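Visitor: The following file, entry35.pdb, comprises PDB, C-alpha atoms and all ligand atoms:
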ATOM      1  CA  MET A  21      25.854   7.905   5.038  1.00  0.00           C
ATOM      2  CA  MET A  22      25.117   4.172   5.265  1.00  0.00           C
ATOM      3  CA  GLU A  23      23.239   4.724   8.507  1.00  0.00           C
ATOM      4  CA  LYS A  24      21.088   7.438   6.849  1.00  0.00           C
ATOM      5  CA  ILE A  25      20.362   5.135   3.934  1.00  0.00           C
ATOM      6  CA  ARG A  26      19.379   2.315   6.304  1.00  0.00           C
ATOM      7  CA  ARG A  27      16.957   4.616   8.061  1.00  0.00           C
ATOM      8  CA  LEU A  28      15.402   5.641   4.752  1.00  0.00           C
ATOM      9  CA  ILE A  29      15.088   1.997   3.710  1.00  0.00           C
ATOM     10  CA  ASP A  30      13.405   1.102   7.022  1.00  0.00           C
ATOM     11  CA  GLU A  31      10.786   3.790   6.330  1.00  0.00           C
ATOM     12  CA  MET A  32      10.255   2.496   2.808  1.00  0.00           C
ATOM     13  CA  LYS A  33       9.966  -1.125   3.984  1.00  0.00           C
ATOM     14  CA  ALA A  34       7.309  -0.113   6.502  1.00  0.00           C
ATOM     15  CA  THR A  35       5.035   1.079   3.669  1.00  0.00           C
ATOM     16  CA  GLY A  36       5.009  -2.428   2.163  1.00  0.00           C
ATOM     17  CA  LYS A  37       4.817  -0.795  -1.308  1.00  0.00           C
ATOM     18  CA  TYR A  38       8.299  -1.397  -2.656  1.00  0.00           C
ATOM     19  CA  HIS A  39       9.994  -4.302  -4.394  1.00  0.00           C
ATOM     20  CA  GLU A  40      11.854  -5.706  -1.365  1.00  0.00           C
ATOM     21  CA  PRO A  41      14.900  -7.173  -3.139  1.00  0.00           C
ATOM     22  CA  ARG A  42      15.807  -3.618  -4.180  1.00  0.00           C
ATOM     23  CA  LEU A  43      15.795  -2.213  -0.657  1.00  0.00           C
ATOM     24  CA  LYS A  44      19.468  -2.824   0.075  1.00  0.00           C
ATOM     25  CA  SER A  45      21.621  -0.076   1.562  1.00  0.00           C
ATOM     26  CA  ARG A  46      24.727  -1.044  -0.387  1.00  0.00           C
ATOM     27  CA  ALA A  47      22.861  -0.949  -3.681  1.00  0.00           C
ATOM     28  CA  PHE A  48      21.438   2.478  -2.808  1.00  0.00           C
ATOM     29  CA  ALA A  49      24.914   3.787  -1.918  1.00  0.00           C
ATOM     30  CA  ARG A  50      26.407   2.404  -5.138  1.00  0.00           C
ATOM     31  CA  LEU A  51      23.648   3.833  -7.329  1.00  0.00           C
ATOM     32  CA  HIS A  52      23.859   7.197  -5.571  1.00  0.00           C
ATOM     33  CA  LYS A  53      27.595   7.340  -6.144  1.00  0.00           C
ATOM     34  CA  LYS A  54      27.065   6.620  -9.846  1.00  0.00           C
ATOM     35  CA  ASN A  55      24.392   9.369 -10.016  1.00  0.00           C
ATOM     36  CA  LEU A  56      21.749   6.743 -10.771  1.00  0.00           C
ATOM     37  CA  MET A  57      19.888   7.431  -7.534  1.00  0.00           C
ATOM     38  CA  LEU A  58      18.973  10.872  -6.243  1.00  0.00           C
ATOM     39  CA  PHE A  59      18.484  11.740  -2.599  1.00  0.00           C
ATOM     40  CA  ARG A  60      16.817  14.715  -1.018  1.00  0.00           C
ATOM     41  CA  PHE A  61      18.284  15.706   2.343  1.00  0.00           C
ATOM     42  CA  ASP A  62      16.849  17.528   5.328  1.00  0.00           C
ATOM     43  CA  ARG A  63      19.750  19.238   7.028  1.00  0.00           C
ATOM     44  CA  SER A  64      17.579  21.591   9.082  1.00  0.00           C
ATOM     45  CA  GLN A  65      17.661  19.222  12.066  1.00  0.00           C
ATOM     46  CA  GLU A  66      20.242  17.092  13.808  1.00  0.00           C
ATOM     47  CA  PRO A  67      20.745  14.318  12.997  1.00  0.00           C
ATOM     48  CA  TRP A  68      20.247  15.154   9.318  1.00  0.00           C
ATOM     49  CA  ARG A  69      18.214  12.731   7.237  1.00  0.00           C
ATOM     50  CA  ILE A  70      17.524  11.529   3.744  1.00  0.00           C
ATOM     51  CA  ILE A  71      13.859  12.388   3.180  1.00  0.00           C
ATOM     52  CA  GLY A  72      13.386  11.613  -0.493  1.00  0.00           C
ATOM     53  CA  VAL A  73      14.684   9.225  -3.117  1.00  0.00           C
ATOM     54  CA  ILE A  74      14.237   8.199  -6.733  1.00  0.00           C
ATOM     55  CA  GLY A  75      16.401   5.951  -8.865  1.00  0.00           C
ATOM     56  CA  PHE A  76      17.149   4.422 -12.237  1.00  0.00           C
ATOM     57  CA  TRP A  77      17.090   0.632 -12.442  1.00  0.00           C
ATOM     58  CA  GLU A  78      18.684  -0.968 -15.427  1.00  0.00           C
ATOM     59  CA  THR A  79      16.973  -3.784 -17.312  1.00  0.00           C
ATOM     60  CA  SER A  80      18.379  -6.555 -19.492  1.00  0.00           C
ATOM     61  CA  ASP A  81      18.263  -4.067 -22.387  1.00  0.00           C
ATOM     62  CA  PRO A  82      20.533  -1.035 -21.814  1.00  0.00           C
ATOM     63  CA  SER A  83      18.172   1.213 -23.768  1.00  0.00           C
ATOM     64  CA  ILE A  84      15.244   0.418 -21.451  1.00  0.00           C
ATOM     65  CA  ILE A  85      15.447   1.920 -17.974  1.00  0.00           C
ATOM     66  CA  GLU A  86      13.023   1.800 -15.083  1.00  0.00           C
ATOM     67  CA  ILE A  87      12.434   4.742 -12.774  1.00  0.00           C
ATOM     68  CA  GLY A  88      11.681   3.359  -9.313  1.00  0.00           C
ATOM     69  CA  THR A  89      12.079   3.588  -5.552  1.00  0.00           C
ATOM     70  CA  PHE A  90      10.212   6.898  -5.600  1.00  0.00           C
ATOM     71  CA  TYR A  91       9.618   7.973  -2.032  1.00  0.00           C
ATOM     72  CA  VAL A  92       9.276  11.090   0.126  1.00  0.00           C
ATOM     73  CA  SER A  93       8.953  10.881   3.929  1.00  0.00           C
ATOM     74  CA  PRO A  94       5.313  11.612   4.837  1.00  0.00           C
ATOM     75  CA  GLU A  95       6.030  14.625   7.040  1.00  0.00           C
ATOM     76  CA  PHE A  96       7.488  16.379   3.967  1.00  0.00           C
ATOM     77  CA  TRP A  97       4.679  15.582   1.533  1.00  0.00           C
ATOM     78  CA  ARG A  98       2.973  18.320  -0.474  1.00  0.00           C
ATOM     79  CA  ASN A  99       6.003  20.584  -0.646  1.00  0.00           C
ATOM     80  CA  GLY A 100       6.909  19.817  -4.238  1.00  0.00           C
ATOM     81  CA  ILE A 101       9.784  17.463  -3.310  1.00  0.00           C
ATOM     82  CA  GLY A 102       8.370  14.457  -5.182  1.00  0.00           C
ATOM     83  CA  THR A 103       7.767  16.508  -8.323  1.00  0.00           C
ATOM     84  CA  GLU A 104      11.253  17.967  -8.118  1.00  0.00           C
ATOM     85  CA  LEU A 105      12.882  14.520  -7.730  1.00  0.00           C
ATOM     86  CA  PHE A 106      10.904  13.152 -10.681  1.00  0.00           C
ATOM     87  CA  SER A 107      11.734  16.147 -12.843  1.00  0.00           C
ATOM     88  CA  THR A 108      15.440  15.976 -11.987  1.00  0.00           C
ATOM     89  CA  ILE A 109      15.777  12.282 -12.767  1.00  0.00           C
ATOM     90  CA  LEU A 110      14.158  12.835 -16.160  1.00  0.00           C
ATOM     91  CA  GLN A 111      16.642  15.598 -16.896  1.00  0.00           C
ATOM     92  CA  ILE A 112      19.594  13.279 -16.278  1.00  0.00           C
ATOM     93  CA  ALA A 113      18.097  10.243 -18.055  1.00  0.00           C
ATOM     94  CA  PRO A 114      20.282   8.994 -20.923  1.00  0.00           C
ATOM     95  CA  ARG A 115      19.174  10.546 -24.203  1.00  0.00           C
ATOM     96  CA  GLY A 116      16.958   8.263 -26.228  1.00  0.00           C
ATOM     97  CA  ALA A 117      16.386   5.787 -23.385  1.00  0.00           C
ATOM     98  CA  GLN A 118      12.967   4.171 -23.137  1.00  0.00           C
ATOM     99  CA  LEU A 119      11.755   4.959 -19.630  1.00  0.00           C
ATOM    100  CA  PHE A 120       9.097   3.144 -17.663  1.00  0.00           C
ATOM    101  CA  THR A 121       7.847   2.988 -14.095  1.00  0.00           C
ATOM    102  CA  VAL A 122       5.478   0.852 -12.002  1.00  0.00           C
ATOM    103  CA  MET A 123       3.312   2.575  -9.421  1.00  0.00           C
ATOM    104  CA  SER A 124       0.412   1.990  -7.073  1.00  0.00           C
ATOM    105  CA  ASP A 125       0.183   5.369  -5.389  1.00  0.00           C
ATOM    106  CA  ALA A 126      -2.258   7.860  -6.936  1.00  0.00           C
ATOM    107  CA  ARG A 127      -0.056  10.844  -6.158  1.00  0.00           C
ATOM    108  CA  ALA A 128       3.010   9.201  -7.685  1.00  0.00           C
ATOM    109  CA  MET A 129       0.922   8.309 -10.762  1.00  0.00           C
ATOM    110  CA  ARG A 130      -0.250  11.910 -11.115  1.00  0.00           C
ATOM    111  CA  ILE A 131       3.341  13.114 -11.010  1.00  0.00           C
ATOM    112  CA  ALA A 132       4.428  10.556 -13.643  1.00  0.00           C
ATOM    113  CA  MET A 133       1.507  11.496 -15.920  1.00  0.00           C
ATOM    114  CA  GLU A 134       2.301  15.178 -15.494  1.00  0.00           C
ATOM    115  CA  PHE A 135       5.688  14.372 -17.056  1.00  0.00           C
ATOM    116  CA  GLY A 136       4.235  12.529 -20.029  1.00  0.00           C
ATOM    117  CA  PHE A 137       4.049   8.930 -18.796  1.00  0.00           C
ATOM    118  CA  MET A 138       1.019   6.935 -19.872  1.00  0.00           C
ATOM    119  CA  PRO A 139      -0.448   3.746 -18.421  1.00  0.00           C
ATOM    120  CA  VAL A 140       0.237   0.444 -20.197  1.00  0.00           C
ATOM    121  CA  THR A 141      -2.202  -2.422 -20.629  1.00  0.00           C
ATOM    122  CA  LEU A 142      -2.280  -5.333 -23.050  1.00  0.00           C
ATOM    123  CA  ALA A 143      -4.414  -3.069 -25.243  1.00  0.00           C
ATOM    124  CA  THR A 144      -1.497  -0.649 -25.629  1.00  0.00           C
ATOM    125  CA  PRO A 145      -0.121  -1.111 -29.140  1.00  0.00           C
ATOM    126  CA  GLY A 146       3.130  -3.075 -29.139  1.00  0.00           C
ATOM    127  CA  PHE A 147       2.790  -4.505 -25.651  1.00  0.00           C
ATOM    128  CA  SER A 148       2.595  -8.186 -24.869  1.00  0.00           C
ATOM    129  CA  LEU A 149       3.160 -10.141 -21.679  1.00  0.00           C
ATOM    130  CA  GLY A 150       6.527 -11.190 -23.121  1.00  0.00           C
ATOM    131  CA  VAL A 151       7.655  -7.591 -23.564  1.00  0.00           C
ATOM    132  CA  ILE A 152       6.441  -6.619 -20.106  1.00  0.00           C
ATOM    133  CA  ARG A 153       8.110  -9.650 -18.516  1.00  0.00           C
ATOM    134  CA  GLN A 154      11.366  -8.785 -20.269  1.00  0.00           C
ATOM    135  CA  TRP A 155      11.241  -5.188 -19.051  1.00  0.00           C
ATOM    136  CA  LEU A 156      10.324  -6.035 -15.461  1.00  0.00           C
ATOM    137  CA  GLY A 157      12.678  -8.977 -15.046  1.00  0.00           C
ATOM    138  CA  SER A 158      11.679 -12.539 -14.261  1.00  0.00           C
ATOM    139  CA  ASP A 159      11.452 -12.033 -10.464  1.00  0.00           C
ATOM    140  CA  ARG A 160       8.807  -9.304 -10.639  1.00  0.00           C
ATOM    141  CA  PRO A 161       5.056  -9.827 -10.694  1.00  0.00           C
ATOM    142  CA  ILE A 162       3.409  -8.283 -13.733  1.00  0.00           C
ATOM    143  CA  PRO A 163       0.958  -5.582 -12.594  1.00  0.00           C
ATOM    144  CA  ASP A 164      -2.620  -6.898 -12.567  1.00  0.00           C
ATOM    145  CA  SER A 165      -3.737  -3.807 -14.421  1.00  0.00           C
ATOM    146  CA  VAL A 166      -2.024  -4.852 -17.654  1.00  0.00           C
ATOM    147  CA  TYR A 167      -4.196  -7.978 -17.879  1.00  0.00           C
ATOM    148  CA  PRO A 168      -7.523  -8.017 -19.622  1.00  0.00           C
ATOM    149  CA  TYR A 169     -10.070  -7.750 -16.842  1.00  0.00           C
ATOM    150  CA  CYS A 170     -12.674  -8.394 -19.535  1.00  0.00           C
ATOM    151  CA  SER A 171     -15.167  -5.649 -19.068  1.00  0.00           C
ATOM    152  CA  VAL A 172     -18.316  -5.245 -21.143  1.00  0.00           C
ATOM    153  CA  ASP A 173     -16.500  -4.127 -24.265  1.00  0.00           C
ATOM    154  CA  GLY A 174     -14.460  -7.298 -24.668  1.00  0.00           C
ATOM    155  CA  CYS A 175     -11.309  -6.523 -22.721  1.00  0.00           C
ATOM    156  CA  GLN A 176     -10.716  -3.190 -24.390  1.00  0.00           C
ATOM    157  CA  ASN A 177     -11.617  -0.983 -21.462  1.00  0.00           C
ATOM    158  CA  TYR A 178      -9.031  -1.359 -18.752  1.00  0.00           C
ATOM    159  CA  GLY A 179     -10.152   1.730 -16.894  1.00  0.00           C
ATOM    160  CA  THR A 180      -7.775   4.328 -15.548  1.00  0.00           C
ATOM    161  CA  PRO A 181      -5.128   4.111 -12.804  1.00  0.00           C
ATOM    162  CA  LYS A 182      -6.536   4.268  -9.296  1.00  0.00           C
ATOM    163  CA  SER A 183      -4.780   4.354  -5.966  1.00  0.00           C
ATOM    164  CA  GLY A 184      -3.956   0.864  -4.705  1.00  0.00           C
ATOM    165  CA  GLU A 185      -3.940  -0.644  -8.204  1.00  0.00           C
ATOM    166  CA  ARG A 186      -0.508  -1.423  -9.599  1.00  0.00           C
ATOM    167  CA  TRP A 187       0.052   0.121 -13.007  1.00  0.00           C
ATOM    168  CA  MET A 188       2.929   0.215 -15.417  1.00  0.00           C
ATOM    169  CA  PHE A 189       3.631   3.492 -17.255  1.00  0.00           C
ATOM    170  CA  VAL A 190       5.820   4.366 -20.210  1.00  0.00           C
ATOM    171  CA  ARG A 191       6.974   7.753 -21.340  1.00  0.00           C
ATOM    172  CA  ASN A 192       5.010   9.274 -24.186  1.00  0.00           C
ATOM    173  CA  GLY A 193       6.493   8.662 -27.590  1.00  0.00           C
ATOM    174  CA  TYR A 194       7.098   5.010 -26.802  1.00  0.00           C
ATOM    175  CA  SER A 195       7.683   2.801 -29.826  1.00  0.00           C
ATOM    176  CA  LEU A 196       8.944  -0.754 -29.998  1.00  0.00           C
ATOM    177  CA  PRO A 197      11.307  -1.957 -32.715  1.00  0.00           C
ATOM    178  CA  GLU A 198       9.352  -3.682 -35.510  1.00  0.00           C
ATOM    179  CA  GLU A 199      10.619  -7.187 -34.660  1.00  0.00           C
ATOM    180  CA  GLU A 200       9.500  -6.964 -31.027  1.00  0.00           C
ATOM    181  CA  ARG A 201       5.937  -5.875 -31.690  1.00  0.00           C
ATOM    182  CA  GLY A 202       3.427  -8.199 -30.043  1.00  0.00           C
TER     183      GLY A 202
HETATM  184  C1  LIG B 301       4.336  10.022  -4.307  1.00  0.00           C
HETATM  185  C2  LIG B 301       5.241  10.842  -3.422  1.00  0.00           C
HETATM  186  C3  LIG B 301       6.693  10.526  -3.733  1.00  0.00           C
HETATM  187  C4  LIG B 301       4.959  12.337  -3.701  1.00  0.00           C
HETATM  188  O1  LIG B 301       5.816  13.135  -2.872  1.00  0.00           O
HETATM  189  P1  LIG B 301       5.493  14.666  -2.534  1.00  0.00           P
HETATM  190  O2  LIG B 301       6.779  15.298  -2.121  1.00  0.00           O
HETATM  191  O3  LIG B 301       4.356  14.776  -1.613  1.00  0.00           O
HETATM  192  O4  LIG B 301       5.081  15.233  -3.979  1.00  0.00           O
HETATM  193  P2  LIG B 301       4.682  16.725  -4.382  1.00  0.00           P
HETATM  194  O5  LIG B 301       4.699  17.605  -3.171  1.00  0.00           O
HETATM  195  O6  LIG B 301       5.545  17.126  -5.522  1.00  0.00           O
HETATM  196  O7  LIG B 301       3.213  16.559  -4.940  1.00  0.00           O
HETATM  197  C5  LIG B 301       2.199  16.002  -4.137  1.00  0.00           C
HETATM  198  C6  LIG B 301       0.979  16.904  -4.076  1.00  0.00           C
HETATM  199  O8  LIG B 301       1.290  18.079  -3.351  1.00  0.00           O
HETATM  200  C7  LIG B 301       0.894  19.218  -4.107  1.00  0.00           C
HETATM  201  N1  LIG B 301       1.809  20.307  -3.738  1.00  0.00           N
HETATM  202  C8  LIG B 301       3.090  20.463  -4.138  1.00  0.00           C
HETATM  203  N2  LIG B 301       3.601  21.577  -3.591  1.00  0.00           N
HETATM  204  C9  LIG B 301       2.621  22.101  -2.806  1.00  0.00           C
HETATM  205  C10 LIG B 301       2.536  23.251  -1.966  1.00  0.00           C
HETATM  206  N3  LIG B 301       3.568  24.074  -1.815  1.00  0.00           N
HETATM  207  N4  LIG B 301       1.388  23.468  -1.311  1.00  0.00           N
HETATM  208  C11 LIG B 301       0.335  22.635  -1.451  1.00  0.00           C
HETATM  209  N5  LIG B 301       0.347  21.547  -2.225  1.00  0.00           N
HETATM  210  C12 LIG B 301       1.476  21.284  -2.891  1.00  0.00           C
HETATM  211  C13 LIG B 301       1.021  18.763  -5.532  1.00  0.00           C
HETATM  212  O9  LIG B 301       0.230  19.564  -6.393  1.00  0.00           O
HETATM  213  C14 LIG B 301       0.487  17.364  -5.429  1.00  0.00           C
HETATM  214  O10 LIG B 301      -0.927  17.413  -5.374  1.00  0.00           O
HETATM  215  P3  LIG B 301      -1.867  16.143  -5.679  1.00  0.00           P
HETATM  216  O11 LIG B 301      -1.643  15.149  -4.593  1.00  0.00           O
HETATM  217  O12 LIG B 301      -3.234  16.714  -5.669  1.00  0.00           O
HETATM  218  O13 LIG B 301      -1.438  15.622  -7.030  1.00  0.00           O
HETATM  219  C15 LIG B 301       4.938  10.602  -1.926  1.00  0.00           C
HETATM  220  O14 LIG B 301       3.588  10.917  -1.707  1.00  0.00           O
HETATM  221  C16 LIG B 301       5.209   9.198  -1.480  1.00  0.00           C
HETATM  222  O15 LIG B 301       6.353   8.864  -1.173  1.00  0.00           O
HETATM  223  N6  LIG B 301       4.147   8.373  -1.418  1.00  0.00           N
HETATM  224  C17 LIG B 301       4.123   7.082  -0.781  1.00  0.00           C
HETATM  225  C18 LIG B 301       5.035   6.087  -1.343  1.00  0.00           C
HETATM  226  C19 LIG B 301       4.666   5.552  -2.675  1.00  0.00           C
HETATM  227  O16 LIG B 301       3.660   4.915  -2.790  1.00  0.00           O
HETATM  228  N7  LIG B 301       5.556   5.823  -3.677  1.00  0.00           N
HETATM  229  C20 LIG B 301       5.370   5.387  -5.019  1.00  0.00           C
HETATM  230  C21 LIG B 301       5.575   3.888  -5.234  1.00  0.00           C
HETATM  231  S1  LIG B 301       4.203   3.315  -6.149  1.00  0.00           S
END
Write out the structure in this file as C-alpha cells.
Guide:
Amino acid sequence: MMEKIRRLIDEMKATGKYHEPRLKSRAFARLHKKNLMLFRFDRSQEPWRIIGVIGFWETSDPSIIEIGTFYVSPEFWRNGIGTELFSTILQIAPRGAQLFTVMSDARAMRIAMEFGFMPVTLATPGFSLGVIRQWLGSDRPIPDSVYPYCSVDGCQNYGTPKSGERWMFVRNGYSLPEEERG
C-alpha cells in the first residue's frame, strides 16, 4: 500500500498545485486508516493503482475541518470519480462541523459549489484575515482572492472564482460565533 500511496503522491507533486508539507505517504496511510482520507482504486490493471483521493484535514479548532488533497489521475477524468469522492467525504463529515476548502482548479471549484460551498472574500460577512489565518494554519499562504483587489466599487466586487486563482470556500449555512465575528 505504501508504494501505491507514494506513486499517487508523486503524481500530485508533479502538478505543483498541492500544499507540499501535506504530501507525505505516512500521513496519507494514517488518515486513510482512520477513515479521514478516501482513496479510489483502479484494480482493472496490474499493478493496481490509487487513482483518486480526498481527505479531511483538522485545524486548531476541532469543529472546523478542511477538505483537501482532492485529486483524480488525469486519464480517469470526466467519469464522475471526483464528484463521487467529494460527495462521499461530505456524507462522512462529522455532524455540525464547519467545512472549508481551498482550490485553484475550475473543475474542482465547480464540484465544491455543486455541493453548496461558496467562495470567501473579506467581503463575506464574519470573515477577517485573522479568522482565515486561524483556519488555514500559520504555515499556509492566504489565498490572494480573499484580499480586496480594490475594483471600481471600492473593494466590494471580488469577482468570481476562475481557474488558476486560489479561492477559499465554505459550506453554505456558515456562521461564526458572535465573539469571533470580524
Ligand atoms: C478536480 C478533479 C478532482 C475532478 O475529477 P474528475 O474525476 O474529472 O471529476 P468528475 O468526473 O466528477 O467531473 C468533472 C467533469 O466531468 C463531467 N463528467 C462526469 N461524468 C461524466 C461522464 N460520464 N461523461 C462526460 N462527462 C462527465 C462532469 O460533469 C464535470 O464537468 P465540468 O468539468 O464541465 O464541470 C480533477 O480534475 C483533478 O484532479 N484536477 C487537477 C488537480 C486539482 O487541481 N485538484 C484540486 C486542487 S485545487
Visitor: Chain A near ligand LIG 301 (chain B) within 9 Å: what's each residue's closest atom pair and its distance in Å to one decimal, counting all atoms listed in the file, ordered by chain then ascending residue number, as a tab-separated table?
Guide:
residue	atom	partner	partner_atom	distance
A:Met32	CA	B:LIG301	C18	7.6
A:Thr35	CA	B:LIG301	C18	7.1
A:Gly36	CA	B:LIG301	O16	9.0
A:Lys37	CA	B:LIG301	O16	6.0
A:Tyr38	CA	B:LIG301	C21	6.5
A:Gly72	CA	B:LIG301	C3	7.5
A:Val73	CA	B:LIG301	C3	8.1
A:Ile74	CA	B:LIG301	C3	8.4
A:Gly88	CA	B:LIG301	C21	7.4
A:Thr89	CA	B:LIG301	C21	6.5
A:Phe90	CA	B:LIG301	C20	5.1
A:Tyr91	CA	B:LIG301	O15	3.5
A:Val92	CA	B:LIG301	O15	3.9
A:Ser93	CA	B:LIG301	O15	6.1
A:Pro94	CA	B:LIG301	O15	6.7
A:Glu95	CA	B:LIG301	O3	8.8
A:Phe96	CA	B:LIG301	O2	6.2
A:Trp97	CA	B:LIG301	O3	3.3
A:Arg98	CA	B:LIG301	O5	3.3
A:Asn99	CA	B:LIG301	N2	3.9
A:Gly100	CA	B:LIG301	O6	3.3
A:Ile101	CA	B:LIG301	O2	3.9
A:Gly102	CA	B:LIG301	O2	3.6
A:Thr103	CA	B:LIG301	O6	3.6
A:Glu104	CA	B:LIG301	O6	6.3
A:Leu105	CA	B:LIG301	O6	8.1
A:Phe106	CA	B:LIG301	O6	8.4
A:Thr121	CA	B:LIG301	S1	8.7
A:Val122	CA	B:LIG301	S1	6.5
A:Met123	CA	B:LIG301	S1	3.5
A:Ser124	CA	B:LIG301	S1	4.1
A:Asp125	CA	B:LIG301	O16	4.4
A:Ala126	CA	B:LIG301	C1	7.4
A:Arg127	CA	B:LIG301	C1	4.8
A:Ala128	CA	B:LIG301	C1	3.7
A:Met129	CA	B:LIG301	C1	7.5
A:Arg130	CA	B:LIG301	O13	5.6
A:Ile131	CA	B:LIG301	O13	6.7
A:Gly184	CA	B:LIG301	S1	8.6
A:Arg186	CA	B:LIG301	S1	7.5
A:Trp187	CA	B:LIG301	S1	8.6
Visitor: Could you please give me, as a PyMOL selection string, the residues of protein, DNA or RNA lying at most 12 Å from (20.0, 0.8, -22.0) in the coordinate frame of the file, considering all atoms listed in the file?
Guide: chain A and resi 76-86+113-120+155
Visitor: So the first atom is atom CA of Val151 of chain A and the second is atom CA of Gln111 of chain A; what is the distance between them in Å, to one decimal place?
Guide: 25.7 Å
Visitor: Tell me which of A:Phe147, A:Tyr167, A:Phe48, A:Phe137 sits closest to Lys24 of chain A, counting all atoms listed in the file.
Guide: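 Looking at the shortest contact to Lys24 of chain A, the residue is A:Phe48.
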Visitor: Find the distance between atom CA of Thr180 of chain A and atom CA of Pro139 of chain A and write it in Å to one decimal.
Guide: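 Going from atom CA of Thr180 of chain A over to atom CA of Pro139 of chain A covers 7.9 Å.
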